[in-house]
file query20.txt (compact mmCIF, N, CA and C atoms)
# COMPACT_ATOMS: atom_id res chain seq x y z
N GLN A 197 -80.87 133.05 5.47
CA GLN A 197 -80.65 132.43 4.18
C GLN A 197 -79.25 132.78 3.69
N VAL A 198 -78.62 131.80 3.04
CA VAL A 198 -77.26 131.97 2.52
C VAL A 198 -77.25 131.60 1.05
N ASN A 199 -76.56 132.39 0.25
CA ASN A 199 -76.40 132.09 -1.17
C ASN A 199 -74.91 131.97 -1.46
N LEU A 200 -74.54 130.93 -2.19
CA LEU A 200 -73.13 130.68 -2.53
C LEU A 200 -72.98 130.60 -4.04
N VAL A 201 -71.99 131.30 -4.55
CA VAL A 201 -71.74 131.30 -5.99
C VAL A 201 -70.27 131.01 -6.25
N GLU A 202 -70.01 129.90 -6.95
CA GLU A 202 -68.64 129.53 -7.28
C GLU A 202 -68.22 130.12 -8.62
N SER A 203 -66.93 130.30 -8.78
CA SER A 203 -66.36 130.71 -10.06
C SER A 203 -64.91 130.25 -10.11
N GLY A 204 -64.35 130.30 -11.31
CA GLY A 204 -62.93 129.99 -11.46
C GLY A 204 -62.61 128.65 -12.05
N GLY A 205 -63.61 127.83 -12.29
CA GLY A 205 -63.34 126.54 -12.90
C GLY A 205 -62.93 126.69 -14.35
N GLY A 206 -62.52 125.58 -14.94
CA GLY A 206 -62.13 125.61 -16.34
C GLY A 206 -61.33 124.40 -16.73
N LEU A 207 -60.69 124.51 -17.89
CA LEU A 207 -59.88 123.43 -18.44
C LEU A 207 -58.40 123.79 -18.26
N VAL A 208 -57.64 122.86 -17.73
CA VAL A 208 -56.22 123.10 -17.50
C VAL A 208 -55.45 121.80 -17.74
N GLN A 209 -54.21 121.94 -18.15
CA GLN A 209 -53.38 120.76 -18.36
C GLN A 209 -52.87 120.23 -17.02
N ALA A 210 -52.58 118.96 -16.98
CA ALA A 210 -52.00 118.36 -15.79
C ALA A 210 -50.72 119.11 -15.41
N GLY A 211 -50.59 119.36 -14.11
CA GLY A 211 -49.46 120.13 -13.61
C GLY A 211 -49.76 121.61 -13.47
N GLY A 212 -50.87 122.04 -14.03
CA GLY A 212 -51.24 123.44 -13.97
C GLY A 212 -51.95 123.82 -12.69
N SER A 213 -52.43 125.06 -12.67
CA SER A 213 -53.08 125.60 -11.46
C SER A 213 -54.39 126.28 -11.82
N LEU A 214 -55.28 126.28 -10.85
CA LEU A 214 -56.53 127.03 -10.94
C LEU A 214 -56.85 127.57 -9.56
N ARG A 215 -57.60 128.66 -9.52
CA ARG A 215 -58.06 129.21 -8.25
C ARG A 215 -59.58 129.34 -8.30
N LEU A 216 -60.23 128.62 -7.43
CA LEU A 216 -61.69 128.71 -7.33
C LEU A 216 -62.07 129.74 -6.28
N SER A 217 -63.18 130.41 -6.54
CA SER A 217 -63.72 131.38 -5.57
C SER A 217 -65.15 131.01 -5.24
N CYS A 218 -65.54 131.32 -4.02
CA CYS A 218 -66.92 131.11 -3.58
C CYS A 218 -67.37 132.38 -2.88
N ALA A 219 -68.28 133.08 -3.51
CA ALA A 219 -68.81 134.32 -2.93
C ALA A 219 -70.08 134.01 -2.16
N ALA A 220 -70.06 134.36 -0.89
CA ALA A 220 -71.22 134.09 -0.04
C ALA A 220 -71.99 135.38 0.21
N SER A 221 -73.28 135.25 0.31
CA SER A 221 -74.13 136.39 0.67
C SER A 221 -75.20 135.90 1.63
N GLY A 222 -75.76 136.85 2.37
CA GLY A 222 -76.76 136.48 3.35
C GLY A 222 -76.15 136.36 4.73
N SER A 223 -76.78 135.59 5.58
CA SER A 223 -76.41 135.49 6.98
C SER A 223 -75.30 134.45 7.17
N THR A 224 -74.04 134.89 7.05
CA THR A 224 -72.91 133.97 7.17
C THR A 224 -72.15 134.14 8.48
N PHE A 225 -72.51 135.12 9.29
CA PHE A 225 -71.75 135.40 10.50
C PHE A 225 -71.78 134.21 11.44
N GLY A 226 -70.57 133.86 11.98
CA GLY A 226 -70.49 132.79 12.95
C GLY A 226 -70.71 131.41 12.38
N PHE A 227 -70.45 131.25 11.09
CA PHE A 227 -70.65 129.92 10.50
C PHE A 227 -69.76 128.89 11.18
N LYS A 228 -70.14 127.63 11.10
CA LYS A 228 -69.36 126.54 11.69
C LYS A 228 -68.20 126.17 10.76
N LEU A 229 -68.51 125.86 9.53
CA LEU A 229 -67.52 125.42 8.56
C LEU A 229 -67.88 125.91 7.16
N MET A 230 -66.85 126.21 6.38
CA MET A 230 -67.02 126.38 4.94
C MET A 230 -66.07 125.41 4.27
N GLY A 231 -66.47 124.92 3.13
CA GLY A 231 -65.61 123.93 2.51
C GLY A 231 -65.85 123.78 1.03
N TRP A 232 -64.93 123.04 0.43
CA TRP A 232 -65.02 122.66 -0.98
C TRP A 232 -65.21 121.15 -1.05
N TYR A 233 -66.17 120.75 -1.85
CA TYR A 233 -66.41 119.35 -2.14
C TYR A 233 -66.32 119.18 -3.64
N ARG A 234 -66.15 117.93 -4.07
CA ARG A 234 -66.13 117.67 -5.51
C ARG A 234 -66.83 116.36 -5.80
N GLN A 235 -67.33 116.29 -7.02
CA GLN A 235 -68.00 115.07 -7.46
C GLN A 235 -67.60 114.78 -8.89
N ALA A 236 -66.95 113.65 -9.08
CA ALA A 236 -66.57 113.19 -10.40
C ALA A 236 -67.68 112.31 -10.95
N PRO A 237 -67.76 112.16 -12.27
CA PRO A 237 -68.81 111.32 -12.87
C PRO A 237 -68.80 109.91 -12.30
N GLY A 238 -69.95 109.45 -11.86
CA GLY A 238 -70.08 108.10 -11.34
C GLY A 238 -69.57 107.91 -9.94
N LYS A 239 -69.17 108.99 -9.29
CA LYS A 239 -68.63 108.88 -7.93
C LYS A 239 -69.45 109.74 -6.97
N GLN A 240 -69.28 109.43 -5.69
CA GLN A 240 -69.97 110.21 -4.67
C GLN A 240 -69.25 111.54 -4.44
N ARG A 241 -69.99 112.50 -3.95
CA ARG A 241 -69.40 113.78 -3.60
C ARG A 241 -68.46 113.57 -2.41
N GLU A 242 -67.28 114.19 -2.49
CA GLU A 242 -66.30 114.02 -1.44
C GLU A 242 -65.75 115.36 -0.97
N LEU A 243 -65.33 115.38 0.28
CA LEU A 243 -64.72 116.57 0.83
C LEU A 243 -63.33 116.77 0.24
N VAL A 244 -63.05 118.00 -0.15
CA VAL A 244 -61.72 118.36 -0.63
C VAL A 244 -60.95 119.10 0.46
N ALA A 245 -61.57 120.16 0.99
CA ALA A 245 -60.94 120.95 2.04
C ALA A 245 -62.02 121.74 2.76
N ARG A 246 -61.77 122.07 4.01
CA ARG A 246 -62.72 122.88 4.74
C ARG A 246 -61.98 123.76 5.73
N ILE A 247 -62.66 124.83 6.12
CA ILE A 247 -62.07 125.80 7.03
C ILE A 247 -63.13 126.22 8.04
N SER A 248 -62.75 126.28 9.30
CA SER A 248 -63.69 126.68 10.33
C SER A 248 -63.75 128.20 10.44
N TYR A 249 -64.72 128.68 11.22
CA TYR A 249 -64.84 130.12 11.42
C TYR A 249 -63.56 130.69 12.04
N GLY A 250 -62.92 129.87 12.87
CA GLY A 250 -61.69 130.31 13.51
C GLY A 250 -60.45 130.15 12.66
N GLY A 251 -60.60 129.51 11.50
CA GLY A 251 -59.47 129.41 10.58
C GLY A 251 -58.78 128.05 10.53
N THR A 252 -59.27 127.10 11.30
CA THR A 252 -58.68 125.75 11.24
C THR A 252 -59.03 125.08 9.91
N THR A 253 -58.03 124.46 9.29
CA THR A 253 -58.24 123.86 7.98
C THR A 253 -58.06 122.34 8.03
N ASN A 254 -58.76 121.66 7.14
CA ASN A 254 -58.61 120.22 6.96
C ASN A 254 -58.60 119.93 5.46
N TYR A 255 -57.81 118.94 5.08
CA TYR A 255 -57.71 118.58 3.67
C TYR A 255 -57.87 117.07 3.48
N ALA A 256 -58.41 116.72 2.35
CA ALA A 256 -58.40 115.32 1.96
C ALA A 256 -56.95 114.92 1.69
N ASP A 257 -56.62 113.68 1.98
CA ASP A 257 -55.24 113.22 1.78
C ASP A 257 -54.80 113.39 0.33
N SER A 258 -55.74 113.24 -0.59
CA SER A 258 -55.39 113.28 -2.01
C SER A 258 -54.97 114.67 -2.49
N VAL A 259 -55.27 115.70 -1.71
CA VAL A 259 -54.92 117.06 -2.15
C VAL A 259 -53.94 117.76 -1.23
N LYS A 260 -53.56 117.13 -0.14
CA LYS A 260 -52.63 117.75 0.80
C LYS A 260 -51.33 118.10 0.09
N GLY A 261 -50.86 119.31 0.34
CA GLY A 261 -49.63 119.77 -0.25
C GLY A 261 -49.80 120.38 -1.63
N ARG A 262 -50.98 120.22 -2.21
CA ARG A 262 -51.24 120.77 -3.55
C ARG A 262 -52.32 121.85 -3.53
N PHE A 263 -53.31 121.68 -2.67
CA PHE A 263 -54.43 122.63 -2.60
C PHE A 263 -54.34 123.43 -1.31
N THR A 264 -54.81 124.68 -1.37
CA THR A 264 -54.85 125.53 -0.19
C THR A 264 -56.20 126.24 -0.12
N ILE A 265 -56.87 126.09 1.01
CA ILE A 265 -58.15 126.77 1.23
C ILE A 265 -57.90 128.03 2.06
N SER A 266 -58.64 129.07 1.72
CA SER A 266 -58.52 130.31 2.48
C SER A 266 -59.83 131.07 2.39
N ARG A 267 -59.97 132.08 3.23
CA ARG A 267 -61.18 132.89 3.12
C ARG A 267 -60.89 134.33 3.53
N ASP A 268 -61.63 135.23 2.94
CA ASP A 268 -61.55 136.65 3.22
C ASP A 268 -62.86 137.04 3.90
N MET A 269 -62.79 137.23 5.21
CA MET A 269 -64.02 137.49 5.96
C MET A 269 -64.64 138.84 5.56
N SER A 270 -63.81 139.77 5.15
CA SER A 270 -64.34 141.10 4.83
C SER A 270 -65.21 141.08 3.57
N THR A 271 -64.90 140.17 2.66
CA THR A 271 -65.67 140.09 1.42
C THR A 271 -66.54 138.84 1.37
N LYS A 272 -66.53 138.04 2.43
CA LYS A 272 -67.33 136.81 2.48
C LYS A 272 -66.99 135.91 1.29
N THR A 273 -65.73 135.77 1.01
CA THR A 273 -65.29 134.96 -0.12
C THR A 273 -64.32 133.89 0.36
N MET A 274 -64.53 132.70 -0.14
CA MET A 274 -63.64 131.57 0.15
C MET A 274 -62.92 131.18 -1.14
N TYR A 275 -61.70 130.73 -0.99
CA TYR A 275 -60.89 130.38 -2.16
C TYR A 275 -60.35 128.96 -2.03
N LEU A 276 -60.05 128.39 -3.17
CA LEU A 276 -59.32 127.12 -3.22
C LEU A 276 -58.25 127.27 -4.29
N GLN A 277 -57.01 127.39 -3.85
CA GLN A 277 -55.89 127.44 -4.77
C GLN A 277 -55.46 126.01 -5.05
N MET A 278 -55.51 125.63 -6.31
CA MET A 278 -55.20 124.26 -6.70
C MET A 278 -53.96 124.27 -7.58
N ASN A 279 -52.90 123.67 -7.09
CA ASN A 279 -51.64 123.57 -7.84
C ASN A 279 -51.34 122.11 -8.17
N SER A 280 -50.44 121.92 -9.09
CA SER A 280 -50.02 120.57 -9.50
C SER A 280 -51.22 119.68 -9.77
N LEU A 281 -52.14 120.20 -10.55
CA LEU A 281 -53.39 119.48 -10.81
C LEU A 281 -53.13 118.18 -11.55
N LYS A 282 -53.95 117.20 -11.21
CA LYS A 282 -53.86 115.88 -11.82
C LYS A 282 -55.17 115.58 -12.56
N VAL A 283 -55.08 114.64 -13.49
CA VAL A 283 -56.28 114.26 -14.25
C VAL A 283 -57.39 113.82 -13.29
N GLU A 284 -57.01 113.14 -12.22
CA GLU A 284 -58.00 112.64 -11.27
C GLU A 284 -58.64 113.74 -10.42
N ASP A 285 -58.19 114.98 -10.57
CA ASP A 285 -58.85 116.10 -9.89
C ASP A 285 -60.06 116.60 -10.69
N THR A 286 -60.25 116.05 -11.87
CA THR A 286 -61.39 116.45 -12.69
C THR A 286 -62.71 116.13 -11.99
N ALA A 287 -63.55 117.15 -11.85
CA ALA A 287 -64.82 116.99 -11.13
C ALA A 287 -65.57 118.31 -11.16
N VAL A 288 -66.81 118.26 -10.70
CA VAL A 288 -67.54 119.48 -10.39
C VAL A 288 -67.23 119.83 -8.95
N TYR A 289 -66.79 121.04 -8.71
CA TYR A 289 -66.42 121.48 -7.38
C TYR A 289 -67.55 122.35 -6.81
N TYR A 290 -67.94 122.02 -5.58
CA TYR A 290 -69.04 122.70 -4.92
C TYR A 290 -68.56 123.41 -3.66
N CYS A 291 -69.08 124.58 -3.46
CA CYS A 291 -68.86 125.34 -2.24
C CYS A 291 -69.94 124.96 -1.22
N ASN A 292 -69.54 124.85 0.02
CA ASN A 292 -70.47 124.48 1.09
C ASN A 292 -70.28 125.38 2.29
N LEU A 293 -71.39 125.70 2.95
CA LEU A 293 -71.33 126.42 4.22
C LEU A 293 -72.29 125.76 5.20
N ASN A 294 -71.81 125.51 6.39
CA ASN A 294 -72.64 124.99 7.47
C ASN A 294 -72.71 126.03 8.56
N ASN A 295 -73.94 126.46 8.89
CA ASN A 295 -74.11 127.53 9.87
C ASN A 295 -74.67 127.00 11.19
N TRP A 296 -74.35 125.78 11.52
CA TRP A 296 -74.77 125.09 12.74
C TRP A 296 -76.21 124.58 12.66
N LEU A 297 -76.96 125.07 11.66
CA LEU A 297 -78.36 124.65 11.54
C LEU A 297 -78.56 123.77 10.31
N ARG A 298 -77.87 124.11 9.23
CA ARG A 298 -78.04 123.37 7.99
C ARG A 298 -76.87 123.65 7.06
N ASP A 299 -76.82 122.86 5.99
CA ASP A 299 -75.82 123.03 4.93
C ASP A 299 -76.41 123.83 3.78
N TYR A 300 -75.57 124.68 3.22
CA TYR A 300 -75.91 125.40 2.00
C TYR A 300 -74.89 125.00 0.94
N TRP A 301 -75.36 124.95 -0.32
CA TRP A 301 -74.49 124.54 -1.43
C TRP A 301 -74.57 125.54 -2.57
N GLY A 302 -73.44 125.69 -3.25
CA GLY A 302 -73.43 126.45 -4.47
C GLY A 302 -73.85 125.56 -5.63
N GLN A 303 -73.86 126.15 -6.82
CA GLN A 303 -74.33 125.41 -8.01
C GLN A 303 -73.23 124.55 -8.62
N GLY A 304 -71.99 124.78 -8.21
CA GLY A 304 -70.88 123.98 -8.71
C GLY A 304 -70.16 124.64 -9.87
N THR A 305 -68.88 124.33 -9.99
CA THR A 305 -68.08 124.80 -11.11
C THR A 305 -67.22 123.64 -11.61
N GLN A 306 -67.17 123.47 -12.91
CA GLN A 306 -66.48 122.33 -13.52
C GLN A 306 -64.98 122.60 -13.58
N VAL A 307 -64.21 121.63 -13.13
CA VAL A 307 -62.76 121.64 -13.29
C VAL A 307 -62.39 120.42 -14.11
N THR A 308 -61.72 120.65 -15.22
CA THR A 308 -61.29 119.55 -16.09
C THR A 308 -59.78 119.64 -16.27
N VAL A 309 -59.10 118.56 -15.93
CA VAL A 309 -57.65 118.50 -16.06
C VAL A 309 -57.32 117.50 -17.16
N SER A 310 -56.63 117.99 -18.18
CA SER A 310 -56.29 117.13 -19.31
C SER A 310 -54.85 116.62 -19.19
N SER A 311 -54.62 115.47 -19.77
CA SER A 311 -53.27 114.86 -19.69
C SER A 311 -52.37 115.33 -20.81

call {"tool": "encode", "arguments": {"input": "query20.txt", "output": "structure tokens"}}
result
Amino acid sequence: QVNLVESGGGLVQAGGSLRLSCAASGSTFGFKLMGWYRQAPGKQRELVARISYGGTTNYADSVKGRFTISRDMSTKTMYLQMNSLKVEDTAVYYCNLNNWLRDYWGQGTQVTVSS
């Protein structure tokens, strides 16, 4: 069993920065992928960024060059550094972990970017 808890969301002006954290607990060793997804009102949940157990990263085109995903294996924590935020980045951000058997999700953290 895996438990994921996000933190770090909030309200920020366009052009600002936020850092999201995802603290994982439970059986996370050898996971396939960890990632950040987001869901804006009226839209489907979409991938923002993901990182493999080996450290390979992938980003959505809309956030490339602005967001950086990272993880600290010693503390089982994943981060999303978000810079140059835009109004369209407003969404609930969810942490995800895939352990080759199933997906686990956090409860989400709200990010609101004002103009």

call {"tool": "select_by_dssp", "arguments": {"input": "query20.txt", "residues": "region 220-304 of chain A", "states": "strand (DSSP E)", "output": "ChimeraX atom specification"}}
result
/A:220-222,229-235,242-248,253-255,263-268,273-278,287-294,299-301

call {"tool": "write_last_selection", "arguments": {"input": "query20.txt", "atoms": "N, CA and C atoms", "output": "short mmCIF file (atom, residue, chain, number, x, y, z; two decimals), in the coordinates of the input"}}
result
data_model
loop_
_atom_site.label_atom_id
_atom_site.label_comp_id
_atom_site.auth_asym_id
_atom_site.auth_seq_id
_atom_site.Cartn_x
_atom_site.Cartn_y
_atom_site.Cartn_z
N ALA A 220 -70.06 134.36 -0.89
CA ALA A 220 -71.22 134.09 -0.04
C ALA A 220 -71.99 135.38 0.21
N SER A 221 -73.28 135.25 0.31
CA SER A 221 -74.13 136.39 0.67
C SER A 221 -75.20 135.90 1.63
N GLY A 222 -75.76 136.85 2.37
CA GLY A 222 -76.76 136.48 3.35
C GLY A 222 -76.15 136.36 4.73
N LEU A 229 -68.51 125.86 9.53
CA LEU A 229 -67.52 125.42 8.56
C LEU A 229 -67.88 125.91 7.16
N MET A 230 -66.85 126.21 6.38
CA MET A 230 -67.02 126.38 4.94
C MET A 230 -66.07 125.41 4.27
N GLY A 231 -66.47 124.92 3.13
CA GLY A 231 -65.61 123.93 2.51
C GLY A 231 -65.85 123.78 1.03
N TRP A 232 -64.93 123.04 0.43
CA TRP A 232 -65.02 122.66 -0.98
C TRP A 232 -65.21 121.15 -1.05
N TYR A 233 -66.17 120.75 -1.85
CA TYR A 233 -66.41 119.35 -2.14
C TYR A 233 -66.32 119.18 -3.64
N ARG A 234 -66.15 117.93 -4.07
CA ARG A 234 -66.13 117.67 -5.51
C ARG A 234 -66.83 116.36 -5.80
N GLN A 235 -67.33 116.29 -7.02
CA GLN A 235 -68.00 115.07 -7.46
C GLN A 235 -67.60 114.78 -8.89
N GLU A 242 -67.28 114.19 -2.49
CA GLU A 242 -66.30 114.02 -1.44
C GLU A 242 -65.75 115.36 -0.97
N LEU A 243 -65.33 115.38 0.28
CA LEU A 243 -64.72 116.57 0.83
C LEU A 243 -63.33 116.77 0.24
N VAL A 244 -63.05 118.00 -0.15
CA VAL A 244 -61.72 118.36 -0.63
C VAL A 244 -60.95 119.10 0.46
N ALA A 245 -61.57 120.16 0.99
CA ALA A 245 -60.94 120.95 2.04
C ALA A 245 -62.02 121.74 2.76
N ARG A 246 -61.77 122.07 4.01
CA ARG A 246 -62.72 122.88 4.74
C ARG A 246 -61.98 123.76 5.73
N ILE A 247 -62.66 124.83 6.12
CA ILE A 247 -62.07 125.80 7.03
C ILE A 247 -63.13 126.22 8.04
N SER A 248 -62.75 126.28 9.30
CA SER A 248 -63.69 126.68 10.33
C SER A 248 -63.75 128.20 10.44
N THR A 253 -58.03 124.46 9.29
CA THR A 253 -58.24 123.86 7.98
C THR A 253 -58.06 122.34 8.03
N ASN A 254 -58.76 121.66 7.14
CA ASN A 254 -58.61 120.22 6.96
C ASN A 254 -58.60 119.93 5.46
N TYR A 255 -57.81 118.94 5.08
CA TYR A 255 -57.71 118.58 3.67
C TYR A 255 -57.87 117.07 3.48
N PHE A 263 -53.31 121.68 -2.67
CA PHE A 263 -54.43 122.63 -2.60
C PHE A 263 -54.34 123.43 -1.31
N THR A 264 -54.81 124.68 -1.37
CA THR A 264 -54.85 125.53 -0.19
C THR A 264 -56.20 126.24 -0.12
N ILE A 265 -56.87 126.09 1.01
CA ILE A 265 -58.15 126.77 1.23
C ILE A 265 -57.90 128.03 2.06
N SER A 266 -58.64 129.07 1.72
CA SER A 266 -58.52 130.31 2.48
C SER A 266 -59.83 131.07 2.39
N ARG A 267 -59.97 132.08 3.23
CA ARG A 267 -61.18 132.89 3.12
C ARG A 267 -60.89 134.33 3.53
N ASP A 268 -61.63 135.23 2.94
CA ASP A 268 -61.55 136.65 3.22
C ASP A 268 -62.86 137.04 3.90
N THR A 273 -65.73 135.77 1.01
CA THR A 273 -65.29 134.96 -0.12
C THR A 273 -64.32 133.89 0.36
N MET A 274 -64.53 132.70 -0.14
CA MET A 274 -63.64 131.57 0.15
C MET A 274 -62.92 131.18 -1.14
N TYR A 275 -61.70 130.73 -0.99
CA TYR A 275 -60.89 130.38 -2.16
C TYR A 275 -60.35 128.96 -2.03
N LEU A 276 -60.05 128.39 -3.17
CA LEU A 276 -59.32 127.12 -3.22
C LEU A 276 -58.25 127.27 -4.29
N GLN A 277 -57.01 127.39 -3.85
CA GLN A 277 -55.89 127.44 -4.77
C GLN A 277 -55.46 126.01 -5.05
N MET A 278 -55.51 125.63 -6.31
CA MET A 278 -55.20 124.26 -6.70
C MET A 278 -53.96 124.27 -7.58
N ALA A 287 -63.55 117.15 -11.85
CA ALA A 287 -64.82 116.99 -11.13
C ALA A 287 -65.57 118.31 -11.16
N VAL A 288 -66.81 118.26 -10.70
CA VAL A 288 -67.54 119.48 -10.39
C VAL A 288 -67.23 119.83 -8.95
N TYR A 289 -66.79 121.04 -8.71
CA TYR A 289 -66.42 121.48 -7.38
C TYR A 289 -67.55 122.35 -6.81
N TYR A 290 -67.94 122.02 -5.58
CA TYR A 290 -69.04 122.70 -4.92
C TYR A 290 -68.56 123.41 -3.66
N CYS A 291 -69.08 124.58 -3.46
CA CYS A 291 -68.86 125.34 -2.24
C CYS A 291 -69.94 124.96 -1.22
N ASN A 292 -69.54 124.85 0.02
CA ASN A 292 -70.47 124.48 1.09
C ASN A 292 -70.28 125.38 2.29
N LEU A 293 -71.39 125.70 2.95
CA LEU A 293 -71.33 126.42 4.22
C LEU A 293 -72.29 125.76 5.20
N ASN A 294 -71.81 125.51 6.39
CA ASN A 294 -72.64 124.99 7.47
C ASN A 294 -72.71 126.03 8.56
N ASP A 299 -76.82 122.86 5.99
CA ASP A 299 -75.82 123.03 4.93
C ASP A 299 -76.41 123.83 3.78
N TYR A 300 -75.57 124.68 3.22
CA TYR A 300 -75.91 125.40 2.00
C TYR A 300 -74.89 125.00 0.94
N TRP A 301 -75.36 124.95 -0.32
CA TRP A 301 -74.49 124.54 -1.43
C TRP A 301 -74.57 125.54 -2.57
#

call {"tool": "residues_around", "arguments": {"input": "query20.txt", "residues": "Arg215 (chain A)", "least_positions_apart": "4", "cutoff": "6 Å", "atoms": "all atoms listed in the file", "output": "list in words"}}
result
Ser203, Gly204, Gly205, Leu276, Gln277 and Met278 of chain A

call {"tool": "atom_distance", "arguments": {"input": "query20.txt", "atom1": "CA of Ala210 (chain A)", "atom2": "CA of Gln303 (chain A)"}}
result
24.7 Å

call {"tool": "atom_distance", "arguments": {"input": "query20.txt", "atom1": "CA of Gly226 (chain A)", "atom2": "CA of Lys260 (chain A)"}}
result
26.3 Å

call {"tool": "residues_around", "arguments": {"input": "query20.txt", "residues": "Thr271 (chain A)", "least_positions_apart": "6", "cutoff": "8 Å", "atoms": "all atoms listed in the file", "output": "ChimeraX atom specification"}}
result
/A:218-221

call {"tool": "closest_residue", "arguments": {"input": "query20.txt", "among": "A:Val307, A:Val244, A:Ala287, A:Val201", "to": "Thr273 (chain A)", "atoms": "only C-alpha atoms"}}
result
A:Val201

call {"tool": "closest_residue", "arguments": {"input": "query20.txt", "among": "A:Gly211, A:Trp232, A:Thr224, A:Met269", "to": "Gly302 (chain A)", "atoms": "only C-alpha atoms"}}
result
A:Trp232

call {"tool": "atom_distance", "arguments": {"input": "query20.txt", "atom1": "CA of Lys272 (chain A)", "atom2": "CA of Ala256 (chain A)"}}
result
23.3 Å
